[in-house]
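Notes follow the structure.
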Amino acid sequence: MAGKKVSIDGMADAIIRELQEYSQDVTEKMKKEVQDAGTLCKKELRVSSPKLTNSYAKGWRKKTAYEDSKEIRVQVYNATDYQLTHLLEHGHVLVSYGKVRGTVGAKPHIGPAEEKAEKQLLKRVQIIVKG
């Protein structure tokens with residue numbers, strides 16, 4: 001709108017047009033940051049996951065679960081050993097032949113990776129909104 005002359009009658013339309021353009025620009029930047037946060041979370045999980053066979057750590061994937069013109073949802077998941085995520089993150093009881101044989105301690109790795117990605121996303125969104 002800078003440098004363009006607008007009549008009084010066309011002022012409302014010009015303001016609406018500029019606001020829509022700004023909104024679309026902010027939306028695209030935020031979508032990119034959400035994608036980047038998902039990538040960071042996946043990389044962090046690959047580094048911090050327990051590595052008995054390395055299959056679990058290498059199994060982390062990121063995909064766009066949903067996207068439209070105003071919204072995006074990114075999912076980070078384990079494609080190879082998804083059954084282990086809850087057991088490793090929270091620990092579990094060992095049962096053999098119907099008897100409790102002990103417990104396996106928790107190895108938190110998903111929560112910390114999620115928190116790191118969330119903090120990065122919040123910082124970058126604040127920059128986008130302020131800028």
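Going by the structure tokens order, chains are called A, B, ..., each with residues numbered from 1, while ligands are numbered from 1 in the order shown.
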
Write out as CSV the residues of segment 15-63 of chain A that have any atom within 6 Å of an atom of segment 104-123 of chain A, one row each with the nearest atom pair and its distance in Å to one decimal, counting only C-alpha atoms, sorted by chain and then rising number.
```
residue,atom,partner,partner_atom,distance
A:Ala37,CA,A:Ala117,CA,5.0
A:Cys41,CA,A:Ala113,CA,5.3
A:Glu44,CA,A:Ala113,CA,5.6
A:Ser48,CA,A:His109,CA,5.8
A:Ser49,CA,A:His109,CA,5.9
```

Per-residue DSSP, chain A, filtered to alpha helix (DSSP H), as a ChimeraX atom specification: /A:11-48,55-58,84-90,110-130

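Summary of the local environment: counting only C-alpha atoms, residues at most 12 Å from Glu67 of chain A, other than itself and those fewer than 4 positions away along its chain, are Thr27, Glu28, Lys31, Lys32, Val34, Gln35, Lys63, Glu71, Ile72, Arg73, Val74 and Gln75 of chain A.
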
Selected residue, from A:Arg61, A:Arg101, A:Arg46, A:Ile16, that lies nearest to Thr80 of chain A when counting only C-alpha atoms: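 Ranked by minimum distance to Thr80 of chain A, first place goes to A:Arg61.
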
Residue nearest Ala79 of chain A - candidates A:Val95, A:Val125, A:Ala57, A:Ala65, atoms counted: only C-alpha atoms: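 Among the listed residues, the smallest separation from Ala79 of chain A belongs to A:Ala57.
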
Those of segment 24-89 of chain A in DSSP strand (DSSP E or B), formatted as a ChimeraX atom specification: /A:60-67,72-78

Nearest residue to Asp36 of chain A from the set A:Lys4, A:Leu87, A:Lys62, A:Gly98 (distances using only C-alpha atoms):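 Closest to Asp36 of chain A of all the choices is A:Lys62.
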